[in-house]
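Quick look at start00.tsv (TSV, C-alpha atoms):
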chain	number	residue	atom	x	y	z
U	1	MET	CA	34.74	-43.48	30.19
U	2	ALA	CA	38.33	-44.03	29.12
U	3	GLU	CA	40.31	-42.48	26.27
U	4	ARG	CA	40.22	-44.89	23.31
U	5	ASN	CA	42.35	-43.22	20.64
U	6	LEU	CA	45.89	-43.76	21.88
U	7	ASN	CA	47.29	-46.01	19.14
U	8	PHE	CA	49.39	-43.51	17.23
U	9	ASP	CA	51.10	-46.28	15.22
U	10	GLU	CA	47.81	-47.02	13.45
U	11	ILE	CA	47.91	-46.04	9.79
U	12	ILE	CA	44.56	-44.48	8.95
U	13	VAL	CA	43.55	-44.19	5.30
U	14	ARG	CA	42.69	-40.56	4.62
U	15	LYS	CA	42.45	-40.75	0.85
U	16	GLY	CA	38.93	-40.40	-0.44
U	17	THR	CA	37.83	-38.18	2.44
U	18	ASP	CA	38.29	-34.85	0.60
U	19	CYS	CA	41.49	-34.48	2.60
U	20	LEU	CA	43.66	-31.54	1.57
U	21	LYS	CA	46.78	-33.42	2.59
U	22	TYR	CA	46.10	-36.58	0.57
U	23	ASP	CA	43.43	-35.95	-2.08
U	24	PHE	CA	44.62	-32.82	-3.85
U	25	ALA	CA	48.17	-33.59	-4.94
U	26	VAL	CA	47.49	-33.30	-8.67
U	27	ARG	CA	45.49	-30.11	-8.26
U	28	ARG	CA	48.44	-28.69	-6.31
U	29	GLY	CA	50.89	-29.64	-9.07
U	30	LYS	CA	52.28	-32.83	-7.51
U	31	PRO	CA	52.25	-36.44	-8.72
U	32	GLU	CA	49.20	-38.44	-7.72
U	33	ASP	CA	51.20	-40.99	-5.70
U	34	VAL	CA	53.25	-38.68	-3.45
U	35	LEU	CA	53.57	-39.38	0.25
U	36	PRO	CA	52.39	-36.15	1.92
U	37	LEU	CA	54.07	-34.76	5.03
U	38	TRP	CA	53.54	-31.09	4.29
U	39	VAL	CA	50.47	-29.32	5.69
U	40	ALA	CA	50.37	-29.06	9.49
U	41	ASP	CA	47.69	-31.50	10.47
U	42	MET	CA	48.19	-34.89	12.12
U	43	ASP	CA	47.59	-38.38	10.78
U	44	PHE	CA	46.21	-39.37	14.20
U	45	ARG	CA	42.62	-39.76	15.33
U	46	THR	CA	41.75	-37.04	17.78
U	47	SER	CA	40.67	-37.70	21.36
U	48	SER	CA	37.73	-40.08	21.70
U	49	TYR	CA	36.13	-37.55	24.04
U	50	ILE	CA	36.02	-35.10	21.14
U	51	GLU	CA	34.64	-37.78	18.81
U	52	ASP	CA	31.89	-38.62	21.30
U	53	ALA	CA	30.97	-34.97	21.91
U	54	VAL	CA	30.70	-34.28	18.17
U	55	ILE	CA	28.65	-37.43	17.54
U	56	GLU	CA	26.28	-36.60	20.40
U	57	ARG	CA	25.82	-33.05	19.11
U	58	THR	CA	25.22	-34.37	15.60
U	59	LYS	CA	22.41	-36.61	16.84
U	60	HIS	CA	20.41	-33.50	17.66
U	61	GLY	CA	19.99	-33.07	13.93
U	62	ILE	CA	19.69	-29.28	13.89
U	63	PHE	CA	22.66	-27.16	12.95
U	64	GLY	CA	21.39	-23.62	13.18
U	65	TYR	CA	23.33	-20.54	14.21
U	66	THR	CA	25.26	-21.42	17.33
U	67	GLU	CA	26.85	-19.31	20.04
U	68	VAL	CA	28.56	-20.35	23.27
U	69	GLY	CA	28.60	-18.92	26.75
U	70	GLU	CA	30.06	-19.52	30.17
U	71	ARG	CA	30.66	-23.26	29.78
U	72	TYR	CA	32.81	-22.78	26.67
U	73	PHE	CA	34.80	-19.96	28.21
U	74	LYS	CA	35.33	-21.98	31.37
U	75	ALA	CA	36.88	-24.79	29.29
U	76	VAL	CA	39.17	-22.38	27.43
U	77	LYS	CA	40.12	-20.55	30.62
U	78	GLY	CA	40.88	-23.80	32.41
U	79	TRP	CA	43.21	-24.97	29.65
U	80	GLN	CA	45.11	-21.68	29.53
U	81	LYS	CA	45.54	-21.70	33.30
U	82	ARG	CA	46.58	-25.36	33.58
U	83	HIS	CA	48.99	-25.39	30.68
U	84	HIS	CA	50.25	-21.81	30.43
U	85	ASN	CA	49.55	-20.29	33.85
U	86	TRP	CA	47.68	-17.48	32.13
U	87	ASP	CA	44.50	-15.96	33.53
U	88	ILE	CA	42.14	-14.72	30.84
U	89	ARG	CA	38.93	-12.70	31.03
U	90	PRO	CA	35.72	-13.32	29.06
U	91	GLU	CA	35.72	-9.89	27.45
U	92	TRP	CA	39.15	-10.51	25.91
U	93	LEU	CA	37.92	-13.34	23.69
U	94	ILE	CA	36.97	-12.97	20.05
U	95	LYS	CA	36.41	-16.21	18.16
U	96	THR	CA	37.45	-16.43	14.50
U	97	PRO	CA	37.41	-19.16	11.80
U	98	GLY	CA	41.18	-19.55	12.10
U	99	VAL	CA	44.43	-17.89	13.07
U	100	VAL	CA	45.39	-16.94	9.50
U	101	PHE	CA	42.04	-15.20	9.17
U	102	ALA	CA	42.79	-13.37	12.42
U	103	LEU	CA	46.21	-12.31	11.10
U	104	ALA	CA	44.58	-10.87	7.99
U	105	MET	CA	41.99	-9.00	10.06
U	106	ALA	CA	44.77	-7.61	12.26
U	107	VAL	CA	46.70	-6.39	9.24
U	108	LYS	CA	43.60	-4.53	8.06
U	109	ALA	CA	42.76	-3.22	11.53
U	110	PHE	CA	46.18	-1.94	12.55
U	111	SER	CA	47.80	-0.76	9.33
U	112	GLU	CA	46.92	1.11	6.16
U	113	PRO	CA	47.54	0.17	2.51
U	114	GLY	CA	51.19	0.84	1.74
U	115	ASP	CA	52.31	0.50	5.36
U	116	LYS	CA	55.18	-1.82	6.21
U	117	VAL	CA	54.56	-4.81	8.48
U	118	LEU	CA	57.35	-6.70	10.25
U	119	ILE	CA	57.84	-10.49	10.34
U	120	GLN	CA	60.75	-12.82	11.08
U	121	GLN	CA	61.69	-15.10	8.18
U	122	PRO	CA	61.99	-17.94	7.51
U	123	VAL	CA	58.41	-17.99	8.74
U	124	TYR	CA	55.05	-19.56	7.97
U	125	TYR	CA	54.29	-18.33	4.46
U	126	PRO	CA	50.73	-17.01	5.07
U	127	PHE	CA	52.38	-14.24	7.13
U	128	THR	CA	53.68	-12.76	3.88
U	129	GLU	CA	50.43	-13.49	2.04
U	130	VAL	CA	48.16	-11.67	4.50
U	131	ILE	CA	50.47	-8.66	4.35
U	132	GLU	CA	50.98	-8.42	0.60
U	133	ASP	CA	47.49	-9.55	-0.43
U	134	ASN	CA	46.10	-6.68	1.65
U	135	GLY	CA	48.29	-4.10	-0.06
U	136	ARG	CA	50.89	-3.76	2.68
U	137	VAL	CA	54.67	-4.21	2.41
U	138	ARG	CA	56.55	-7.04	4.11
U	139	VAL	CA	59.71	-6.25	6.04
U	140	SER	CA	61.71	-9.08	7.63
U	141	ASN	CA	63.96	-9.19	10.66
U	142	ASP	CA	65.47	-12.51	9.56
U	143	LEU	CA	66.29	-15.01	12.27
U	144	TYR	CA	69.83	-16.36	12.13
U	145	LEU	CA	71.12	-19.88	12.70
U	146	GLY	CA	73.56	-19.93	15.59
U	147	ASP	CA	76.48	-22.21	16.41
U	148	ASP	CA	74.12	-24.09	18.74
U	149	ASN	CA	72.05	-25.25	15.72
U	150	ARG	CA	69.11	-23.09	16.82
U	151	TYR	CA	67.59	-19.95	15.37
U	152	HIS	CA	68.02	-16.64	17.18
U	153	ILE	CA	66.73	-13.07	16.99
U	154	ASP	CA	68.98	-10.26	15.80
U	155	PHE	CA	67.69	-7.63	18.23
U	156	GLU	CA	69.75	-4.78	16.81
U	157	ASP	CA	68.35	-5.45	13.35
U	158	PHE	CA	64.86	-5.82	14.85
U	159	GLU	CA	64.96	-2.31	16.30
U	160	LYS	CA	66.64	-0.90	13.20
U	161	LYS	CA	63.94	-2.35	10.92
U	162	ILE	CA	61.22	-0.85	13.10
U	163	ALA	CA	62.82	2.60	13.25
U	164	GLU	CA	63.79	2.83	9.59
U	165	ASN	CA	60.47	1.55	8.22
U	166	ASP	CA	58.08	3.26	10.63
U	167	ILE	CA	56.74	-0.15	11.64
U	168	LYS	CA	53.50	-0.10	13.63
U	169	LEU	CA	52.57	-3.80	13.35
U	170	PHE	CA	54.67	-6.89	14.08
U	171	LEU	CA	53.49	-10.46	13.42
U	172	LEU	CA	55.25	-12.73	15.91
U	173	CYS	CA	55.31	-16.51	15.44
U	174	ASN	CA	55.96	-18.29	18.73
U	175	PRO	CA	56.47	-21.23	18.84
U	176	HIS	CA	58.18	-20.46	15.58
U	177	ASN	CA	57.15	-22.23	12.40
U	178	PRO	CA	59.20	-23.71	10.72
U	179	SER	CA	62.28	-23.52	12.98
U	180	GLY	CA	60.63	-24.94	16.09
U	181	ARG	CA	62.09	-22.26	18.33
U	182	VAL	CA	60.19	-21.52	21.52
U	183	PHE	CA	61.43	-18.09	22.44
U	184	THR	CA	62.39	-17.60	26.07
U	185	ARG	CA	60.70	-15.15	28.39
U	186	GLU	CA	63.84	-13.00	28.24
U	187	GLU	CA	63.84	-12.93	24.44
U	188	LEU	CA	60.15	-12.03	24.31
U	189	GLU	CA	60.55	-9.33	26.94
U	190	ARG	CA	63.35	-7.73	24.93
U	191	LEU	CA	61.20	-7.83	21.79
U	192	GLY	CA	58.24	-6.40	23.67
U	193	ASP	CA	60.21	-3.56	25.20
U	194	ILE	CA	61.38	-2.49	21.75
U	195	CYS	CA	57.79	-2.62	20.50
U	196	LEU	CA	56.66	-0.50	23.45
U	197	LYS	CA	59.36	2.03	22.68
U	198	TYR	CA	58.12	2.50	19.11
U	199	ASN	CA	54.38	1.98	19.77
U	200	VAL	CA	54.22	-1.25	17.75
U	201	THR	CA	51.19	-3.55	18.02
U	202	VAL	CA	52.18	-7.22	18.36
U	203	VAL	CA	50.03	-10.00	16.91
U	204	SER	CA	51.39	-13.18	18.47
U	205	ASP	CA	50.53	-16.38	16.63
U	206	GLU	CA	50.75	-18.97	19.41
U	207	ILE	CA	48.84	-21.74	17.68
U	208	HIS	CA	51.59	-24.30	18.44
U	209	ASN	CA	51.78	-23.20	22.09
U	210	ASP	CA	50.83	-26.61	23.51
U	211	ILE	CA	53.38	-28.62	21.52
U	212	ILE	CA	56.51	-28.03	23.58
U	213	PHE	CA	59.32	-30.54	24.15
U	214	LYS	CA	61.98	-28.43	25.86
U	215	GLY	CA	61.49	-25.50	28.20
U	216	GLU	CA	58.08	-23.89	28.35
U	217	HIS	CA	55.91	-21.60	26.31
U	218	THR	CA	55.48	-18.03	27.54
U	219	VAL	CA	52.33	-16.17	26.50
U	220	PHE	CA	53.55	-12.82	25.18
U	221	ALA	CA	50.81	-10.82	26.91
U	222	SER	CA	51.53	-12.46	30.26
U	223	ILE	CA	55.05	-11.08	30.62
U	224	LYS	CA	54.08	-7.64	31.89
U	225	LYS	CA	50.97	-5.48	32.07
U	226	GLU	CA	52.27	-3.11	29.41
U	227	PHE	CA	52.40	-5.98	26.92
U	228	GLU	CA	48.69	-6.67	27.41
U	229	ASP	CA	47.98	-3.23	26.02
U	230	ILE	CA	49.84	-3.79	22.73
U	231	SER	CA	49.08	-7.42	21.94
U	232	LEU	CA	46.69	-9.87	20.34
U	233	ILE	CA	47.24	-13.51	21.30
U	234	CYS	CA	46.11	-16.03	18.68
U	235	THR	CA	45.37	-19.59	19.83
U	236	SER	CA	43.43	-22.63	18.74
U	237	ALA	CA	42.86	-26.25	19.63
U	238	SER	CA	43.38	-27.08	15.96
U	239	LYS	CA	47.07	-28.03	16.06
U	240	THR	CA	46.96	-29.55	19.54
U	241	PHE	CA	43.97	-31.82	18.87
U	242	ASN	CA	44.01	-32.11	15.05
U	243	LEU	CA	40.87	-30.01	14.52
U	244	ALA	CA	41.94	-27.75	11.65
U	245	GLY	CA	38.84	-28.58	9.63
U	246	MET	CA	36.61	-27.38	12.47
U	247	LEU	CA	37.48	-23.71	11.73
U	248	ILE	CA	37.63	-22.23	15.21
U	249	SER	CA	40.32	-20.13	16.90
U	250	ASN	CA	40.36	-18.14	20.12
U	251	ILE	CA	41.88	-14.66	19.89
U	252	PHE	CA	42.58	-12.81	23.14
U	253	ILE	CA	42.81	-9.00	23.10
U	254	PRO	CA	43.09	-7.44	26.57
U	255	ASN	CA	43.17	-3.83	25.35
U	256	ARG	CA	39.66	-2.48	24.74
U	257	GLN	CA	40.63	-0.15	21.91
U	258	LEU	CA	42.58	-2.83	20.02
U	259	ARG	CA	39.71	-5.25	20.59
U	260	ARG	CA	37.16	-2.78	19.19
U	261	ARG	CA	39.22	-2.16	16.04
U	262	PHE	CA	39.81	-5.86	15.48
U	263	ARG	CA	36.13	-6.70	15.98
U	264	GLN	CA	35.15	-4.05	13.45
U	265	GLU	CA	37.24	-5.79	10.79
U	266	VAL	CA	35.82	-9.21	11.69
U	267	ASN	CA	32.30	-7.78	11.44
U	268	ALA	CA	33.12	-6.12	8.13
U	269	ALA	CA	34.24	-9.52	6.81
U	270	GLY	CA	30.76	-10.86	7.54
U	271	ILE	CA	31.76	-13.24	10.34
U	272	SER	CA	29.43	-13.66	13.29
U	273	GLN	CA	28.60	-17.15	14.58
U	274	LEU	CA	31.05	-19.98	13.88
U	275	VAL	CA	30.81	-23.69	13.05
U	276	THR	CA	28.64	-25.53	15.56
U	277	LEU	CA	30.80	-28.65	15.68
U	278	GLY	CA	34.00	-26.61	15.98
U	279	LEU	CA	32.71	-25.03	19.16
U	280	THR	CA	31.62	-28.43	20.47
U	281	ALA	CA	34.99	-30.02	19.65
U	282	THR	CA	37.02	-27.23	21.24
U	283	GLU	CA	35.06	-27.33	24.47
U	284	ALA	CA	35.44	-31.12	24.71
U	285	ALA	CA	39.17	-30.89	23.91
U	286	TYR	CA	39.90	-28.42	26.66
U	287	ASP	CA	37.67	-30.14	29.21
U	288	HIS	CA	38.58	-33.78	28.59
U	289	GLY	CA	41.55	-34.02	26.20
U	290	ASP	CA	44.52	-34.02	28.58
U	291	GLU	CA	45.21	-37.77	28.48
U	292	TRP	CA	45.22	-37.87	24.68
U	293	TYR	CA	47.28	-34.69	24.54
U	294	GLU	CA	50.00	-36.01	26.85
U	295	ALA	CA	50.17	-39.31	24.93
U	296	MET	CA	50.39	-37.48	21.60
U	297	LEU	CA	53.22	-35.28	22.90
U	298	SER	CA	55.15	-38.32	24.03
U	299	TYR	CA	54.73	-40.08	20.68
U	300	VAL	CA	55.65	-37.05	18.57
U	301	GLY	CA	58.65	-36.36	20.80
U	302	LYS	CA	59.91	-39.87	20.09
U	303	ASN	CA	59.32	-39.29	16.37
U	304	ILE	CA	61.56	-36.23	16.55
U	305	GLU	CA	64.31	-38.21	18.24
U	306	PHE	CA	63.87	-40.95	15.62
U	307	VAL	CA	64.34	-38.45	12.78
U	308	LYS	CA	67.45	-36.98	14.39
U	309	LYS	CA	69.06	-40.38	14.88
U	310	TYR	CA	68.12	-41.64	11.41
U	311	THR	CA	69.49	-38.48	9.82
U	312	LYS	CA	72.75	-38.67	11.76
U	313	ASP	CA	73.23	-42.33	10.84
U	314	ASN	CA	72.04	-42.30	7.22
U	315	LEU	CA	71.90	-38.81	5.70
U	316	PRO	CA	75.34	-37.21	5.60
U	317	ASN	CA	75.31	-33.43	5.27
U	318	VAL	CA	71.61	-33.18	6.16
U	319	ASN	CA	71.07	-31.33	9.42
U	320	VAL	CA	67.95	-31.34	11.59
U	321	ILE	CA	67.62	-27.90	13.15
U	322	ASP	CA	67.16	-28.02	16.91
U	323	GLY	CA	63.97	-26.48	18.21
U	324	GLU	CA	61.91	-26.77	21.33
U	325	GLY	CA	58.40	-27.05	19.94
U	326	THR	CA	55.90	-27.86	17.15
U	327	TYR	CA	55.61	-31.16	15.28
U	328	LEU	CA	57.36	-29.61	12.28
U	329	LEU	CA	61.05	-30.27	11.62
U	330	TRP	CA	63.28	-27.99	9.57
U	331	LEU	CA	65.82	-29.98	7.55
U	332	ASP	CA	68.91	-28.22	6.22
U	333	PHE	CA	70.19	-29.72	2.93
U	334	ARG	CA	72.62	-26.92	2.07
U	335	LYS	CA	75.78	-28.93	2.78
U	336	THR	CA	74.71	-31.61	0.30
U	337	GLY	CA	75.62	-29.31	-2.58
U	338	ILE	CA	72.18	-29.83	-4.17
U	339	ASP	CA	70.78	-26.50	-5.35
U	340	THR	CA	67.28	-25.46	-4.34
U	341	ALA	CA	65.54	-26.23	-7.64
U	342	GLU	CA	67.15	-29.65	-7.96
U	343	LEU	CA	66.44	-30.44	-4.30
U	344	ASP	CA	62.76	-29.66	-4.78
U	345	ARG	CA	62.67	-31.75	-7.96
U	346	ARG	CA	64.28	-34.77	-6.32
U	347	VAL	CA	61.99	-34.59	-3.32
U	348	VAL	CA	58.80	-34.40	-5.36
U	349	TYR	CA	59.51	-36.40	-8.52
U	350	ASP	CA	62.24	-38.86	-7.55
U	351	ALA	CA	61.37	-39.56	-3.90
U	352	LYS	CA	57.65	-38.95	-4.49
U	353	LEU	CA	57.38	-36.91	-1.31
U	354	TRP	CA	55.22	-33.88	-0.68
U	355	LEU	CA	57.07	-31.76	1.86
U	356	ASP	CA	57.15	-27.98	2.15
U	357	SER	CA	60.04	-26.45	0.22
U	358	GLY	CA	62.00	-24.06	2.38
U	359	ALA	CA	61.88	-21.41	-0.34
U	360	ILE	CA	58.22	-20.63	0.37
U	361	PHE	CA	59.18	-19.48	3.87
U	362	GLY	CA	61.36	-16.69	2.44
U	363	ALA	CA	64.76	-16.42	0.77
U	364	SER	CA	66.49	-17.50	3.98
U	365	GLY	CA	64.66	-20.81	3.72
U	366	GLU	CA	66.23	-21.86	0.43
U	367	GLY	CA	67.99	-25.20	0.72
U	368	PHE	CA	65.66	-26.40	3.49
U	369	GLN	CA	62.64	-28.68	3.63
U	370	ARG	CA	59.91	-28.72	6.29
U	371	ILE	CA	58.58	-32.10	7.35
U	372	ASN	CA	55.53	-32.83	9.51
U	373	VAL	CA	56.32	-35.67	11.95
U	374	ALA	CA	52.83	-35.99	13.47
U	375	ALA	CA	52.31	-39.31	11.71
U	376	PRO	CA	52.84	-43.00	12.49
U	377	ARG	CA	56.53	-43.82	12.85
U	378	ALA	CA	56.38	-46.26	9.94
U	379	VAL	CA	55.31	-43.38	7.68
U	380	ILE	CA	58.14	-41.21	8.96
U	381	LYS	CA	60.65	-43.99	8.30
U	382	GLU	CA	59.30	-44.46	4.76
U	383	CYS	CA	59.79	-40.74	4.13
U	384	LEU	CA	63.37	-40.80	5.41
U	385	ASP	CA	64.17	-43.97	3.43
U	386	ARG	CA	63.02	-42.21	0.27
U	387	ILE	CA	65.17	-39.18	1.06
U	388	LYS	CA	68.15	-41.50	1.56
U	389	GLU	CA	67.60	-43.39	-1.69
U	390	TYR	CA	66.27	-40.75	-4.07
U	391	VAL	CA	67.40	-37.35	-2.76
U	392	ILE	CA	70.80	-37.95	-1.17
U	393	ARG	CA	71.27	-41.11	-3.26
U	394	ASN	CA	73.50	-42.95	-0.81
Once you've parsed the file, please lay out its structure as structure tokens.
Amino acid sequence: MAERNLNFDEIIVRKGTDCLKYDFAVRRGKPEDVLPLWVADMDFRTSSYIEDAVIERTKHGIFGYTEVGERYFKAVKGWQKRHHNWDIRPEWLIKTPGVVFALAMAVKAFSEPGDKVLIQQPVYYPFTEVIEDNGRVRVSNDLYLGDDNRYHIDFEDFEKKIAENDIKLFLLCNPHNPSGRVFTREELERLGDICLKYNVTVVSDEIHNDIIFKGEHTVFASIKKEFEDISLICTSASKTFNLAGMLISNIFIPNRQLRRRFRQEVNAAGISQLVTLGLTATEAAYDHGDEWYEAMLSYVGKNIEFVKKYTKDNLPNVNVIDGEGTYLLWLDFRKTGIDTAELDRRVVYDAKLWLDSGAIFGASGEGFQRINVAAPRAVIKECLDRIKEYVIRN
């Protein structure tokens, strides 16, 4: 059997499928006819091996409570070893309906109401939501944009924020969303050593860990044994294989005490068995999805280069931030002189685009827009043409 779904130029109609990305613009306060490149799912069909596995499972016709065993773990373990050189153990794994859910459970498990929790803005906005919605206080060690057009960590401020705010929980985003940074082993080791010094638990959201274009992804817990004892590693096939609607993530917690506390919160939330087809899809992805995955990476990588060249040639004063991973690009409009409110208005109502306004990623994101480039190149070009005509108004 050969992989069938490798035509990433195909434009697939998603409207009318109860698709969050396409069918809920008006409900989300946007015009009906916007072109959406906001939420982080792909406009590509997933691997045909996943399709076939899901169809075959569906034919059984019974969708009762489902659990998985050795075969599922073997698939997950094999993927982690092949792609990240990380050896995992069965007892480390706790499955959840998603990484954001896991972040919320970690906030409840490892902090108390009123405690301060550390993040690094501009960062994926649910980080702030799971902190504040659970009665905790957000503290940010803001990343800074260096002369190399990449974001960097202010380590002195990182340690200062921890010490001054009695931080006991840090939510790390690596690969970083929205900047695309894939932190180096040296950067992560320095962060981890500071967290060890102050007894800080690290929840590492590594959901984009497979989508790397430069360098390599380093699993935080793999750096040294001491990091295993302070970390939760959050992964999923959802970004890699476009399975977000399947509601399945794999959370690895090597430390027994941390694992027990996290599991207690998951149990208290009423979660036990997960979606049958999500388990089926994940197992098929990790066992048989490599060909599709490599082809997708190649296509998205070329999309990124296309956006950079188009922007350089056609969009003066718009800068594409350099990152090493994710299919999300962070566009800096600050040199255009367009203020944040007017920029958002032009994007949505003049260009009829649904992107993610940088302001929702924190104050340091104002003047930016996040664009999802996991779409056919013709769609990406249409988006950029609209920015040129209606936002920059060349």
- Selection near U:Glu226, 12 Å with only C-alpha atoms, sequence-local residues under 3 positions removed, as a list in words: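 Result of the neighbour search: Glu189, Gly192, Asp193, Ile194, Cys195, Leu196, Lys197, Asn199, Val200, Thr201, Val202, Phe220, Ala221, Ser222, Ile223, Asp229, Ile230, Ser231, Pro254 and Asn255 of chain U.
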Given all atoms listed in the file, how would the per-residue table for stretch 172-260 of chain U near stretch 152-156 of chain U read, listing every residue at most 9 Å away with its closest atom pair and distance in Å to one decimal, sorted by chain and number, as JSON lines?
{"residue": "U:Arg181", "atom": "CA", "partner": "U:His152", "partner_atom": "CA", "distance": 8.3}
{"residue": "U:Phe183", "atom": "CA", "partner": "U:His152", "partner_atom": "CA", "distance": 8.6}
{"residue": "U:Glu187", "atom": "CA", "partner": "U:Ile153", "partner_atom": "CA", "distance": 8.0}
{"residue": "U:Arg190", "atom": "CA", "partner": "U:Phe155", "partner_atom": "CA", "distance": 8.0}
{"residue": "U:Leu191", "atom": "CA", "partner": "U:Phe155", "partner_atom": "CA", "distance": 7.4}
{"residue": "U:Ile194", "atom": "CA", "partner": "U:Phe155", "partner_atom": "CA", "distance": 8.9}
- Gap from atom CA of U:Leu172 to atom CA of U:Glu206 - Å, one decimal: 8.5 Å
- Item | U:Lys30, U:Lys108, U:Arg136, U:Arg14 ranked by distance to U:Ala351, top pick (using all atoms listed in the file) | U:Lys30
- Item | Which residue of U:Tyr151, U:Phe368, U:Tyr390, U:Phe73 approaches U:Ala341 most closely, using only C-alpha atoms |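 With only C-alpha atoms as the atom set, the closest residue is U:Phe368.
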- Counting all atoms listed in the file, closest pick from U:Val26, U:Leu331, U:Ile167, U:Val219 relative to U:Trp86 is U:Val219
- Using only C-alpha atoms, pick whichever of U:Asp157, U:Asp9, U:Asn317, U:Ser357 has the shortest atom-to-atom distance to U:Asp344.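 For U:Asp344, the nearest of the given residues is U:Ser357.
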- Nearest candidate to U:Asp210 (options U:Glu10, U:Asp290, U:Asp332, U:Glu67; using all atoms listed in the file): U:Asp290
Excluding stretch 273-276 of chain U and its own-chain neighbours fewer than 3 positions away, which residues fall within 8 Å of it when counting all atoms listed in the file? Please give them as a CSV table (one decimal) with C-alpha atoms, keeping the file's coordinate frame.
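And here's selection_37.csv as it stands now:
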chain,number,residue,atom,x,y,z
U,63,PHE,CA,22.7,-27.2,13.0
U,64,GLY,CA,21.4,-23.6,13.2
U,65,TYR,CA,23.3,-20.5,14.2
U,66,THR,CA,25.3,-21.4,17.3
U,67,GLU,CA,26.8,-19.3,20.0
U,95,LYS,CA,36.4,-16.2,18.2
U,96,THR,CA,37.4,-16.4,14.5
U,97,PRO,CA,37.4,-19.2,11.8
U,246,MET,CA,36.6,-27.4,12.5
U,247,LEU,CA,37.5,-23.7,11.7
U,248,ILE,CA,37.6,-22.2,15.2
U,279,LEU,CA,32.7,-25.0,19.2
U,280,THR,CA,31.6,-28.4,20.5
- Item | stretch 47-54 of chain U surroundings by all atoms listed in the file, 7 Å radius, close-in-sequence under 2 positions cut, as JSON, numbers by chain | {"U": [3, 4, 5, 45, 56, 57, 58, 277, 280, 281, 284, 285, 288, 289, 292]}
- Item | Option closest in space to U:Phe241, from U:Phe24, U:Phe44, U:Tyr299, U:Phe110 [counting all atoms listed in the file] |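 Counting all atoms listed in the file, the residue closest to U:Phe241 is U:Phe44.
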